[in-house]
file run15.txt (compact mmCIF, C-alpha atoms)
# COMPACT_ATOMS: atom_id res chain seq x y z
CA MET A 1 100.94 73.47 44.93
CA GLN A 2 100.47 72.96 48.65
CA ASN A 3 97.09 74.73 48.62
CA VAL A 4 95.91 72.24 46.00
CA VAL A 5 97.47 69.06 47.36
CA LEU A 6 96.99 69.32 51.13
CA PRO A 7 93.21 70.05 51.31
CA ALA A 8 92.56 67.36 48.69
CA TYR A 9 94.73 64.88 50.61
CA VAL A 10 92.92 65.57 53.90
CA TYR A 11 89.47 65.44 52.28
CA ASP A 12 90.36 62.17 50.57
CA ARG A 13 91.39 60.65 53.93
CA THR A 14 88.51 62.02 56.02
CA ASP A 15 85.62 62.65 53.60
CA SER A 16 84.75 65.66 55.78
CA ALA A 17 84.46 69.28 54.69
CA ALA A 18 84.55 70.30 58.35
CA THR A 19 87.98 68.70 58.74
CA VAL A 20 89.23 70.60 55.69
CA ALA A 21 87.86 73.75 57.34
CA TYR A 22 89.99 73.02 60.43
CA LEU A 23 93.00 72.67 58.14
CA VAL A 24 92.33 76.05 56.53
CA PHE A 25 91.93 77.54 60.00
CA ALA A 26 95.35 76.18 60.94
CA GLN A 27 96.84 77.93 57.90
CA LEU A 28 95.00 81.26 58.05
CA GLY A 29 93.77 81.43 61.64
CA PRO A 30 97.10 82.75 62.99
CA GLN A 31 96.41 85.99 61.15
CA LEU A 32 93.71 86.67 63.74
CA LEU A 33 96.32 86.69 66.52
CA PHE A 34 99.53 87.78 64.86
CA SER A 35 98.62 90.30 62.13
CA ILE A 36 98.55 93.35 64.40
CA PRO A 37 101.82 92.53 66.25
CA ALA A 38 103.39 91.75 62.88
CA GLY A 39 102.28 95.16 61.59
CA VAL A 40 103.97 96.90 64.51
CA ILE A 41 107.15 94.91 63.87
CA ALA A 42 107.03 95.82 60.17
CA ASP A 43 107.06 99.54 61.01
CA LYS A 44 109.56 99.34 63.86
CA TYR A 45 112.30 96.83 62.99
CA ASP A 46 114.50 95.85 60.07
CA ARG A 47 112.10 94.42 57.49
CA ARG A 48 114.68 92.47 55.52
CA ARG A 49 115.99 90.51 58.51
CA TRP A 50 112.44 89.83 59.71
CA LEU A 51 111.34 88.55 56.31
CA PHE A 52 114.35 86.24 56.06
CA ASN A 53 113.47 84.63 59.39
CA MET A 54 109.84 84.12 58.40
CA GLN A 55 110.86 82.30 55.22
CA TYR A 56 113.00 79.90 57.24
CA ILE A 57 110.08 79.07 59.55
CA GLN A 58 107.83 78.29 56.59
CA ILE A 59 110.51 76.18 54.91
CA ALA A 60 110.95 74.06 58.05
CA CYS A 61 107.23 73.43 58.51
CA SER A 62 106.63 72.70 54.83
CA LEU A 63 109.44 70.15 54.96
CA GLY A 64 107.79 68.63 58.02
CA LEU A 65 104.63 67.87 56.04
CA ALA A 66 106.49 65.54 53.67
CA PRO A 67 107.28 62.62 56.04
CA LEU A 68 103.87 62.98 57.73
CA ALA A 69 102.05 62.56 54.41
CA ALA A 70 104.37 59.74 53.31
CA THR A 71 103.44 57.70 56.39
CA ASP A 72 99.76 58.73 56.58
CA SER A 73 100.38 60.15 60.03
CA PRO A 74 97.48 61.31 62.23
CA ILE A 75 95.66 64.33 60.80
CA TRP A 76 96.38 66.45 63.88
CA MET A 77 100.11 66.22 63.14
CA LEU A 78 99.49 67.65 59.66
CA PHE A 79 97.52 70.43 61.31
CA MET A 80 100.45 71.29 63.56
CA MET A 81 102.83 71.62 60.63
CA GLN A 82 100.27 73.69 58.71
CA LEU A 83 99.83 75.84 61.80
CA GLY A 84 103.57 76.54 61.74
CA VAL A 85 103.33 77.60 58.09
CA GLY A 86 100.35 79.79 59.02
CA ILE A 87 102.19 81.50 61.87
CA GLY A 88 105.18 82.22 59.65
CA ASN A 89 102.91 83.61 56.95
CA ALA A 90 100.92 85.74 59.41
CA LEU A 91 104.11 87.30 60.78
CA ASN A 92 105.51 87.72 57.27
CA ALA A 93 102.55 89.28 55.43
CA PRO A 94 102.38 92.86 56.82
CA ALA A 95 106.14 93.39 56.44
CA TRP A 96 106.07 92.00 52.90
CA SER A 97 103.08 94.11 51.94
CA ALA A 98 104.59 97.24 53.47
CA LEU A 99 107.87 96.60 51.63
CA LEU A 100 106.50 96.42 48.09
CA PRO A 101 105.19 100.01 47.73
CA SER A 102 108.53 101.42 48.94
CA LEU A 103 110.22 99.93 45.86
CA VAL A 104 108.32 102.07 43.31
CA PRO A 105 107.26 105.73 42.91
CA LYS A 106 103.74 106.51 44.16
CA GLU A 107 102.39 107.01 40.63
CA ASP A 108 103.41 103.41 39.81
CA LEU A 109 101.78 101.94 42.92
CA PRO A 110 98.56 100.69 41.22
CA GLY A 111 100.61 98.85 38.60
CA ALA A 112 102.96 97.41 41.23
CA ILE A 113 100.08 96.11 43.38
CA SER A 114 98.41 94.71 40.26
CA LEU A 115 101.65 92.96 39.27
CA ASN A 116 102.05 91.52 42.76
CA SER A 117 98.50 90.15 42.67
CA THR A 118 99.17 88.76 39.21
CA VAL A 119 102.30 86.96 40.42
CA ILE A 120 100.39 85.47 43.36
CA ASN A 121 97.62 84.23 41.12
CA GLY A 122 100.08 83.17 38.46
CA SER A 123 101.43 80.74 41.04
CA ARG A 124 97.86 79.55 41.66
CA VAL A 125 97.57 78.80 37.95
CA ILE A 126 100.98 77.22 37.51
CA GLY A 127 100.85 75.25 40.78
CA PRO A 128 97.80 73.10 39.92
CA ILE A 129 99.10 72.58 36.38
CA ILE A 130 102.44 71.37 37.76
CA VAL A 131 100.57 69.12 40.20
CA ALA A 132 98.44 67.67 37.38
CA LEU A 133 101.46 67.03 35.15
CA LEU A 134 103.74 65.62 37.84
CA SER A 135 100.98 63.45 39.32
CA ALA A 136 100.68 61.80 35.93
CA VAL A 137 104.31 60.66 36.15
CA GLY A 138 104.03 59.37 39.71
CA VAL A 139 105.03 62.28 41.98
CA THR A 140 103.46 61.67 45.39
CA THR A 141 101.77 64.03 47.84
CA SER A 142 104.78 64.04 50.18
CA GLU A 143 107.13 64.84 47.29
CA PHE A 144 105.00 67.86 46.40
CA PHE A 145 105.59 69.19 49.91
CA LEU A 146 109.34 68.87 49.39
CA ILE A 147 109.11 70.75 46.09
CA ASN A 148 106.99 73.44 47.74
CA ALA A 149 109.52 73.91 50.55
CA ALA A 150 112.27 74.45 47.98
CA THR A 151 110.33 77.30 46.34
CA TYR A 152 110.81 79.48 49.45
CA LEU A 153 114.47 79.69 48.47
CA PHE A 154 113.47 81.89 45.53
CA VAL A 155 112.04 84.39 48.01
CA VAL A 156 115.22 84.28 50.09
CA PHE A 157 117.28 84.91 46.95
CA ALA A 158 115.09 87.85 45.89
CA LEU A 159 115.32 89.48 49.33
CA ALA A 160 119.10 89.14 49.21
CA GLN A 161 119.30 90.96 45.87
CA ILE A 162 117.14 94.06 46.39
CA THR A 163 117.92 97.34 48.12
CA ILE A 164 115.25 98.21 50.68
CA PRO A 165 114.84 101.95 51.33
CA PRO A 166 114.95 102.92 55.02
CA VAL A 167 111.61 103.75 56.63
CA VAL A 168 111.37 107.21 58.21
CA ARG A 169 109.56 106.71 61.51
CA HIS A 170 107.72 109.62 63.12
CA ASN A 171 106.56 109.65 66.74
CA MET A 172 106.36 105.89 67.08
CA GLU A 173 104.08 105.16 70.00
CA GLU A 174 105.19 103.05 72.92
CA GLY A 175 103.63 100.24 74.92
CA TRP A 176 100.19 98.87 74.13
CA ARG A 177 99.30 101.95 72.06
CA GLN A 178 101.52 100.55 69.31
CA PHE A 179 99.05 97.70 68.81
CA THR A 180 96.03 99.97 68.44
CA SER A 181 97.62 102.77 66.42
CA GLY A 182 96.65 101.13 63.12
CA ILE A 183 93.01 101.07 64.24
CA ARG A 184 93.13 104.76 65.18
CA ILE A 185 94.67 105.66 61.83
CA ALA A 186 92.00 103.71 59.95
CA ARG A 187 89.17 105.20 62.04
CA ALA A 188 90.38 108.69 61.15
CA ARG A 189 89.87 107.81 57.49
CA PRO A 190 86.22 106.79 56.82
CA ALA A 191 87.03 105.27 53.43
CA LEU A 192 89.67 103.03 54.99
CA THR A 193 87.23 101.94 57.67
CA ARG A 194 84.64 101.10 55.00
CA LEU A 195 87.23 99.14 53.00
CA LEU A 196 88.41 97.09 55.97
CA LEU A 197 84.88 96.27 57.16
CA THR A 198 83.89 95.35 53.61
CA MET A 199 86.88 93.03 53.23
CA CYS A 200 86.21 91.45 56.61
CA SER A 201 82.60 90.53 55.81
CA PHE A 202 83.41 89.54 52.21
CA ALA A 203 86.07 87.10 53.39
CA LEU A 204 83.84 85.74 56.14
CA ILE A 205 80.66 85.16 54.10
CA SER A 206 81.59 85.12 50.41
CA LEU A 207 85.04 83.51 50.26
CA PRO A 208 84.83 80.25 52.28
CA TYR A 209 84.39 78.36 49.00
CA VAL A 210 88.11 78.92 48.30
CA GLY A 211 89.25 76.85 51.28
CA LEU A 212 86.43 74.33 50.80
CA PHE A 213 87.07 73.91 47.07
CA PRO A 214 87.48 70.10 47.23
CA ALA A 215 84.08 69.71 48.90
CA VAL A 216 82.43 72.14 46.46
CA ALA A 217 83.86 70.28 43.47
CA ARG A 218 82.63 66.90 44.66
CA ASN A 219 79.22 68.03 45.97
CA ASN A 220 78.24 70.40 43.20
CA PHE A 221 79.95 69.06 40.09
CA GLY A 222 80.72 65.43 40.85
CA ILE A 223 84.46 66.04 40.42
CA ASP A 224 86.60 63.97 42.79
CA GLU A 225 89.37 65.91 44.54
CA SER A 226 91.97 63.22 43.81
CA THR A 227 91.61 63.47 40.01
CA SER A 228 93.48 65.60 37.49
CA LEU A 229 90.12 67.10 36.45
CA TYR A 230 89.84 68.69 39.90
CA ARG A 231 93.32 70.19 39.59
CA TRP A 232 92.48 71.62 36.17
CA LEU A 233 89.26 73.11 37.59
CA TYR A 234 91.25 74.76 40.36
CA ALA A 235 93.79 76.00 37.82
CA THR A 236 91.03 77.45 35.63
CA TRP A 237 89.55 79.34 38.58
CA ALA A 238 93.04 80.56 39.50
CA PHE A 239 93.68 81.63 35.88
CA GLY A 240 90.57 83.80 36.12
CA ALA A 241 91.96 85.34 39.31
CA PHE A 242 95.31 85.83 37.55
CA ALA A 243 93.53 87.71 34.74
CA GLY A 244 91.53 89.77 37.24
CA GLY A 245 94.67 90.96 39.01
CA LEU A 246 96.51 91.63 35.75
CA SER A 247 93.61 93.60 34.26
CA LEU A 248 93.84 96.21 36.99
CA GLY A 249 97.31 97.33 35.88
CA THR A 250 96.58 97.03 32.16
CA ILE A 251 93.02 97.21 30.80
CA PHE A 252 91.63 99.13 33.79
CA VAL A 253 94.72 101.15 34.68
CA GLY A 254 93.01 104.46 33.97
CA TYR A 255 89.72 103.61 35.68
CA ASP A 256 88.56 104.83 39.07
CA LYS A 257 89.39 101.92 41.38
CA ARG A 258 86.53 102.87 43.70
CA LYS A 259 84.04 102.18 40.91
CA LEU A 260 85.84 98.98 39.92
CA ILE A 261 85.29 97.64 43.43
CA ARG A 262 81.52 97.91 43.04
CA ALA A 263 81.61 96.46 39.52
CA GLY A 264 83.64 93.55 40.86
CA PHE A 265 81.09 92.78 43.56
CA ALA A 266 78.26 92.77 41.01
CA LEU A 267 80.17 90.46 38.66
CA PHE A 268 81.15 88.20 41.56
CA ALA A 269 77.50 87.78 42.57
CA ILE A 270 76.41 86.91 39.02
CA ALA A 271 79.28 84.47 38.52
CA MET A 272 78.72 82.84 41.91
CA VAL A 273 75.03 82.19 41.20
CA SER A 274 75.99 80.61 37.86
CA PHE A 275 78.72 78.57 39.58
CA ALA A 276 76.27 77.39 42.22
CA MET A 277 73.68 76.32 39.66
CA SER A 278 76.20 74.37 37.56
CA ARG A 279 75.98 70.60 37.83
CA SER A 280 78.75 69.37 35.54
CA ALA A 281 82.33 70.10 34.61
CA VAL A 282 81.90 72.30 31.50
CA PRO A 283 79.75 75.07 33.03
CA ALA A 284 81.82 74.82 36.24
CA PHE A 285 85.00 75.56 34.30
CA ILE A 286 83.46 78.55 32.50
CA THR A 287 81.75 80.15 35.49
CA GLY A 288 84.70 79.30 37.74
CA ALA A 289 87.04 81.34 35.54
CA VAL A 290 84.70 84.36 35.66
CA LEU A 291 84.33 83.94 39.42
CA GLY A 292 88.10 83.98 39.88
CA PHE A 293 88.35 87.09 37.69
CA ALA A 294 85.75 88.97 39.73
CA TYR A 295 87.29 87.83 43.02
CA PHE A 296 90.71 89.29 42.35
CA LEU A 297 89.57 92.32 40.37
CA THR A 298 87.61 93.30 43.47
CA THR A 299 90.16 92.52 46.17
CA THR A 300 93.10 93.97 44.21
CA SER A 301 91.15 97.18 43.57
CA MET A 302 90.44 97.43 47.30
CA ASN A 303 94.08 96.80 48.16
CA THR A 304 95.20 99.48 45.68
CA VAL A 305 92.88 102.13 47.11
CA LEU A 306 93.96 101.25 50.65
CA GLN A 307 97.71 101.34 50.02
CA SER A 308 97.58 104.49 47.89
CA ARG A 309 96.25 106.37 50.91
CA LEU A 310 98.94 105.34 53.38
CA GLU A 311 102.35 106.72 54.25
CA SER A 312 105.23 104.27 54.33
CA SER A 313 105.80 104.88 58.04
CA VAL A 314 102.30 103.64 58.99
CA ARG A 315 101.65 101.17 56.19
CA GLY A 316 102.69 98.07 58.12
CA ARG A 317 100.28 98.75 60.99
CA VAL A 318 97.29 99.50 58.76
CA MET A 319 98.05 96.66 56.36
CA SER A 320 98.05 94.31 59.34
CA LEU A 321 94.34 95.17 59.66
CA TRP A 322 93.91 94.27 55.99
CA PHE A 323 95.40 90.83 56.54
CA LEU A 324 93.35 90.44 59.71
CA ALA A 325 90.22 91.25 57.68
CA PHE A 326 91.19 89.22 54.60
CA GLY A 327 93.08 86.17 55.77
CA GLY A 328 91.96 86.12 59.39
CA THR A 329 88.21 85.88 58.74
CA ILE A 330 88.34 83.32 55.92
CA PRO A 331 89.11 80.41 58.30
CA ILE A 332 86.20 81.44 60.53
CA GLY A 333 83.96 81.32 57.48
CA ASN A 334 85.32 77.87 56.69
CA LEU A 335 84.53 76.66 60.20
CA ILE A 336 80.98 77.98 59.82
CA PHE A 337 80.28 76.69 56.32
CA GLY A 338 82.21 73.40 56.39
CA PRO A 339 79.52 71.70 58.51
CA VAL A 340 76.86 73.38 56.35
CA ILE A 341 78.25 71.62 53.27
CA ASP A 342 78.39 68.29 55.11
CA GLN A 343 74.75 68.69 56.15
CA PHE A 344 73.08 70.51 53.23
CA GLY A 345 75.50 70.44 50.30
CA ALA A 346 77.57 73.20 48.70
CA GLN A 347 74.91 75.07 46.75
CA SER A 348 73.37 76.81 49.77
CA MET A 349 76.75 78.19 50.82
CA LEU A 350 77.48 79.47 47.32
CA LEU A 351 74.12 81.27 47.04
CA ILE A 352 74.62 82.94 50.43
CA SER A 353 78.03 84.06 49.17
CA ALA A 354 76.44 85.60 46.07
CA GLY A 355 73.75 87.38 48.06
CA TRP A 356 76.25 89.00 50.41
CA SER A 357 78.31 90.23 47.46
CA LEU A 358 75.24 92.14 46.26
CA VAL A 359 74.90 93.73 49.71
CA LEU A 360 78.52 94.89 49.48
CA PHE A 361 77.91 96.26 45.97
CA TRP A 362 75.42 98.64 47.59
CA TRP A 363 77.38 99.38 50.79
CA CYS A 364 80.96 99.82 49.55
CA ASN A 365 80.33 103.05 47.64
CA LEU A 366 83.61 104.84 48.28
CA VAL A 367 82.77 107.70 45.93
CA LYS A 368 79.93 108.74 48.25
CA VAL A 369 82.08 108.16 51.33
CA ASP A 370 84.78 110.48 49.96
CA GLU A 371 82.20 113.12 49.05
CA LYS A 372 80.75 113.00 52.55
CA PHE A 373 84.13 112.99 54.33
CA PRO A 374 86.57 114.96 52.12
CA LYS A 375 88.98 115.42 55.04
CA GLY A 376 89.36 111.64 55.10
CA LEU A 377 91.38 111.92 51.90
CA GLU A 378 94.20 113.63 53.79
CA LEU A 379 97.08 111.50 55.00
CA PRO A 380 96.76 110.77 58.72
CA GLU A 381 99.31 112.14 61.14
CA ASN A 382 101.44 109.42 62.71

call {"tool": "encode", "arguments": {"input": "run15.txt", "output": "structure tokens"}}
result
Amino acid sequence: MQNVVLPAYVYDRTDSAATVAYLVFAQLGPQLLFSIPAGVIADKYDRRRWLFNMQYIQIACSLGLAPLAATDSPIWMLFMMQLGVGIGNALNAPAWSALLPSLVPKEDLPGAISLNSTVINGSRVIGPIIVALLSAVGVTTSEFFLINAATYLFVVFALAQITIPPVVRHNMEEGWRQFTSGIRIARARPALTRLLLTMCSFALISLPYVGLFPAVARNNFGIDESTSLYRWLYATWAFGAFAGGLSLGTIFVGYDKRKLIRAGFALFAIAMVSFAMSRSAVPAFITGAVLGFAYFLTTTSMNTVLQSRLESSVRGRVMSLWFLAFGGTIPIGNLIFGPVIDQFGAQSMLLISAGWSLVLFWWCNLVKVDEKFPKGLELPEN
């Protein structure tokens, strides 16, 4: 809900895609600084206690957004609260990601990662629908922030109920070497290096449209970000992403995930070109759903391959690089392309995004990488 309401609220007040880009940077930018330290913490300290504390930080900052929006406070104050949410999320993500695979046997890992992605994108579908329905009965922007803050309590409850297996730690490095150990592990595995570099460039060049969705909707399709039509468009795109994540653990469960990554990039490029060329709501809804499907089919396949090749004792440190590549580079892309939209419109950004996806279709050929470096399939020593 917050990812729908807050960017639209800021864009409505400022009429500036660049300002929305700054907002996205406040939310995701902390992953650039905190992902690697958070990965070390995830492998070294009690994950449950750490995750509890991160939920409380995000609850407090989400609550802080409510009175600021109710009084139309200065935009920079909203940024500060969103920055707090971003810091809590950046410190939370590696530990959360490292926790999930320890709850299932290795053979069930692809299905578990697919289910997790489906849940995330299910919230992206349900959130905009809830916003659209509640807006119709008079729920305000500030009240949505209060509702959003309350949803963190579900996470707290879930953490309190589960049993978390202890992590066996082998030869944990000391000092500054802790912060670079994830990089050394990834470099020893060529396929992991290729995955992380692919995700980094994909997020930087092809995914800024996600954070700049309000500007894209208004510039390309004539859909105002304050209307229910915009929220339904966002929900339709998110439903496609929901289906893409779900398909990996159902329809495509027996498929080679390395090949699905390349298929996802090709489909993403085709859908993005169609999305960019659309000029009204109907084609935008159709191509947006396909675009969302390709987006999460690709990224979930990459995540599955990455996690299936990691031991539990090193997963937090390597997954911190994933969040650095995924979440950390998206806000930089927003800062680059926000002014581009203000100056030239959204279509140019969307076509660049499609073109880069085709480059990654060619470059991210993990089958060839594994054939060239068969030793890279072995688990790294910690």

call {"tool": "closest_atom_pairs", "arguments": {"input": "run15.txt", "of": "range 313-358 of chain A", "to": "range 36-44 of chain A", "cutoff": "10 Å", "atoms": "only C-alpha atoms", "output": "Markdown table"}}
result
| residue | atom | partner | partner_atom | distance |
| --- | --- | --- | --- | --- |
| A:Ser313 | CA | A:Asp43 | CA | 6.2 |
| A:Val314 | CA | A:Asp43 | CA | 6.6 |
| A:Arg315 | CA | A:Asp43 | CA | 7.4 |
| A:Gly316 | CA | A:Gly39 | CA | 4.5 |
| A:Arg317 | CA | A:Gly39 | CA | 4.2 |
| A:Val318 | CA | A:Gly39 | CA | 7.2 |
| A:Met319 | CA | A:Gly39 | CA | 6.9 |
| A:Ser320 | CA | A:Gly39 | CA | 4.9 |
| A:Leu321 | CA | A:Ile36 | CA | 6.6 |
| A:Trp322 | CA | A:Ile36 | CA | 9.6 |
| A:Phe323 | CA | A:Ile36 | CA | 8.8 |
| A:Leu324 | CA | A:Ile36 | CA | 7.6 |

call {"tool": "closest_residue", "arguments": {"input": "run15.txt", "among": "A:Ala66, A:Phe145, A:Arg47, A:Asn219", "to": "Phe344 in chain A", "atoms": "all atoms listed in the file"}}
result
A:Asn219

call {"tool": "closest_atom_pairs", "arguments": {"input": "run15.txt", "of": "range 9-113 of chain A", "to": "range 148-163 of chain A", "cutoff": "7 Å", "atoms": "all atoms listed in the file", "output": "Markdown table"}}
result
| residue | atom | partner | partner_atom | distance |
| --- | --- | --- | --- | --- |
| A:Arg48 | CA | A:Leu159 | CA | 6.9 |
| A:Phe52 | CA | A:Val156 | CA | 6.3 |
| A:Gln55 | CA | A:Tyr152 | CA | 6.4 |
| A:Ile59 | CA | A:Ala149 | CA | 5.0 |
| A:Ser62 | CA | A:Ala149 | CA | 5.3 |
| A:Leu63 | CA | A:Ala149 | CA | 5.8 |

call {"tool": "residues_around", "arguments": {"input": "run15.txt", "residues": "Gln307 in chain A", "least_positions_apart": "2", "cutoff": "9 Å", "atoms": "all atoms listed in the file", "output": "number ranges by chain"}}
result
A: 98, 101, 109-110, 113, 302-305, 309-311, 315, 318-319

call {"tool": "residues_around", "arguments": {"input": "run15.txt", "residues": "range 67-76 of chain A", "least_positions_apart": "6", "cutoff": "9 Å", "atoms": "all atoms listed in the file", "output": "list in words"}}
result
Tyr9, Val10, Arg13, Thr14, Thr140, Thr141, Ser142, Glu143 and Phe145 of chain A

call {"tool": "closest_residue", "arguments": {"input": "run15.txt", "among": "A:Phe326, A:Phe361, A:Tyr230, A:Phe239", "to": "Ile270 in chain A", "atoms": "all atoms listed in the file"}}
result
A:Phe361

call {"tool": "atom_distance", "arguments": {"input": "run15.txt", "atom1": "CA of Ala271 in chain A", "atom2": "CA of Leu195 in chain A"}}
result
22.1 Å

call {"tool": "residues_around", "arguments": {"input": "run15.txt", "residues": "Asn365 in chain A", "least_positions_apart": "2", "cutoff": "8 Å", "atoms": "all atoms listed in the file", "output": "PyMOL selection string"}}
result
chain A and resi 258-259+262+361-363+367-369

call {"tool": "closest_residue", "arguments": {"input": "run15.txt", "among": "A:Thr329, A:Ser247, A:Asn334, A:Ser353", "to": "Phe268 in chain A", "atoms": "all atoms listed in the file"}}
result
A:Ser353

call {"tool": "closest_residue", "arguments": {"input": "run15.txt", "among": "A:Leu204, A:Met349, A:Ala241, A:Leu260", "to": "Ser123 in chain A", "atoms": "all atoms listed in the file"}}
result
A:Ala241

call {"tool": "atom_distance", "arguments": {"input": "run15.txt", "atom1": "CA of Leu212 in chain A", "atom2": "CA of Lys257 in chain A"}}
result
29.3 Å

call {"tool": "closest_residue", "arguments": {"input": "run15.txt", "among": "A:Leu351, A:Leu291, A:Ser357, A:Met1", "to": "Leu134 in chain A", "atoms": "all atoms listed in the file"}}
result
A:Met1

call {"tool": "atom_distance", "arguments": {"input": "run15.txt", "atom1": "CA of Ser206 in chain A", "atom2": "CA of Val119 in chain A"}}
result
23.1 Å

call {"tool": "residues_near_point", "arguments": {"input": "run15.txt", "point": "(97.3, 74.7, 45.4)", "cutoff": "12 Å", "atoms": "only C-alpha atoms", "output": "ChimeraX atom specification"}}
result
/A:1-9,120-132,141,144-145,148,210-211,213-214,225,230-238

call {"tool": "decode", "arguments": {"input": "run15.txt", "residues": "range 80-100 of chain A", "atoms": "N, CA and C atoms", "output": "PDB file, in the first residue's frame"}}
result
ATOM      1  N   MET A  80      12.870  11.770   5.189  1.00  0.00           N
ATOM      2  CA  MET A  80      13.573  11.277   6.371  1.00  0.00           C
ATOM      3  C   MET A  80      12.884  10.051   6.965  1.00  0.00           C
ATOM      4  N   MET A  81      11.565  10.084   7.019  1.00  0.00           N
ATOM      5  CA  MET A  81      10.836   8.915   7.514  1.00  0.00           C
ATOM      6  C   MET A  81      11.016   7.720   6.576  1.00  0.00           C
ATOM      7  N   GLN A  82      10.955   7.985   5.268  1.00  0.00           N
ATOM      8  CA  GLN A  82      11.142   6.911   4.296  1.00  0.00           C
ATOM      9  C   GLN A  82      12.565   6.371   4.358  1.00  0.00           C
ATOM     10  N   LEU A  83      13.513   7.239   4.652  1.00  0.00           N
ATOM     11  CA  LEU A  83      14.891   6.794   4.828  1.00  0.00           C
ATOM     12  C   LEU A  83      15.001   5.835   6.008  1.00  0.00           C
ATOM     13  N   GLY A  84      14.285   6.123   7.095  1.00  0.00           N
ATOM     14  CA  GLY A  84      14.274   5.219   8.235  1.00  0.00           C
ATOM     15  C   GLY A  84      13.715   3.857   7.880  1.00  0.00           C
ATOM     16  N   VAL A  85      12.621   3.844   7.107  1.00  0.00           N
ATOM     17  CA  VAL A  85      12.059   2.576   6.627  1.00  0.00           C
ATOM     18  C   VAL A  85      13.089   1.848   5.781  1.00  0.00           C
ATOM     19  N   GLY A  86      13.787   2.609   4.910  1.00  0.00           N
ATOM     20  CA  GLY A  86      14.782   2.005   4.027  1.00  0.00           C
ATOM     21  C   GLY A  86      15.949   1.403   4.779  1.00  0.00           C
ATOM     22  N   ILE A  87      16.408   2.084   5.829  1.00  0.00           N
ATOM     23  CA  ILE A  87      17.512   1.549   6.630  1.00  0.00           C
ATOM     24  C   ILE A  87      17.084   0.259   7.331  1.00  0.00           C
ATOM     25  N   GLY A  88      15.882   0.276   7.918  1.00  0.00           N
ATOM     26  CA  GLY A  88      15.383  -0.931   8.572  1.00  0.00           C
ATOM     27  C   GLY A  88      15.258  -2.083   7.598  1.00  0.00           C
ATOM     28  N   ASN A  89      14.781  -1.801   6.393  1.00  0.00           N
ATOM     29  CA  ASN A  89      14.628  -2.843   5.387  1.00  0.00           C
ATOM     30  C   ASN A  89      15.984  -3.361   4.907  1.00  0.00           C
ATOM     31  N   ALA A  90      16.943  -2.454   4.716  1.00  0.00           N
ATOM     32  CA  ALA A  90      18.276  -2.857   4.257  1.00  0.00           C
ATOM     33  C   ALA A  90      18.964  -3.766   5.266  1.00  0.00           C
ATOM     34  N   LEU A  91      18.795  -3.459   6.552  1.00  0.00           N
ATOM     35  CA  LEU A  91      19.403  -4.279   7.601  1.00  0.00           C
ATOM     36  C   LEU A  91      18.632  -5.577   7.817  1.00  0.00           C
ATOM     37  N   ASN A  92      17.370  -5.590   7.429  1.00  0.00           N
ATOM     38  CA  ASN A  92      16.506  -6.749   7.614  1.00  0.00           C
ATOM     39  C   ASN A  92      16.672  -7.784   6.504  1.00  0.00           C
ATOM     40  N   ALA A  93      16.844  -7.325   5.256  1.00  0.00           N
ATOM     41  CA  ALA A  93      16.698  -8.197   4.087  1.00  0.00           C
ATOM     42  C   ALA A  93      17.655  -9.391   4.048  1.00  0.00           C
ATOM     43  N   PRO A  94      18.972  -9.229   4.243  1.00  0.00           N
ATOM     44  CA  PRO A  94      19.840 -10.410   4.168  1.00  0.00           C
ATOM     45  C   PRO A  94      19.516 -11.469   5.219  1.00  0.00           C
ATOM     46  N   ALA A  95      19.206 -11.041   6.437  1.00  0.00           N
ATOM     47  CA  ALA A  95      18.869 -12.012   7.486  1.00  0.00           C
ATOM     48  C   ALA A  95      17.579 -12.740   7.151  1.00  0.00           C
ATOM     49  N   TRP A  96      16.593 -12.004   6.638  1.00  0.00           N
ATOM     50  CA  TRP A  96      15.316 -12.619   6.266  1.00  0.00           C
ATOM     51  C   TRP A  96      15.514 -13.615   5.133  1.00  0.00           C
ATOM     52  N   SER A  97      16.276 -13.211   4.132  1.00  0.00           N
ATOM     53  CA  SER A  97      16.511 -14.071   2.982  1.00  0.00           C
ATOM     54  C   SER A  97      17.313 -15.312   3.362  1.00  0.00           C
ATOM     55  N   ALA A  98      18.287 -15.145   4.248  1.00  0.00           N
ATOM     56  CA  ALA A  98      19.083 -16.276   4.705  1.00  0.00           C
ATOM     57  C   ALA A  98      18.271 -17.224   5.585  1.00  0.00           C
ATOM     58  N   LEU A  99      17.257 -16.697   6.257  1.00  0.00           N
ATOM     59  CA  LEU A  99      16.430 -17.516   7.147  1.00  0.00           C
ATOM     60  C   LEU A  99      15.547 -18.483   6.374  1.00  0.00           C
ATOM     61  N   LEU A 100      14.922 -18.017   5.301  1.00  0.00           N
ATOM     62  CA  LEU A 100      13.896 -18.798   4.619  1.00  0.00           C
ATOM     63  C   LEU A 100      14.373 -20.174   4.152  1.00  0.00           C
TER      64      LEU A 100
END
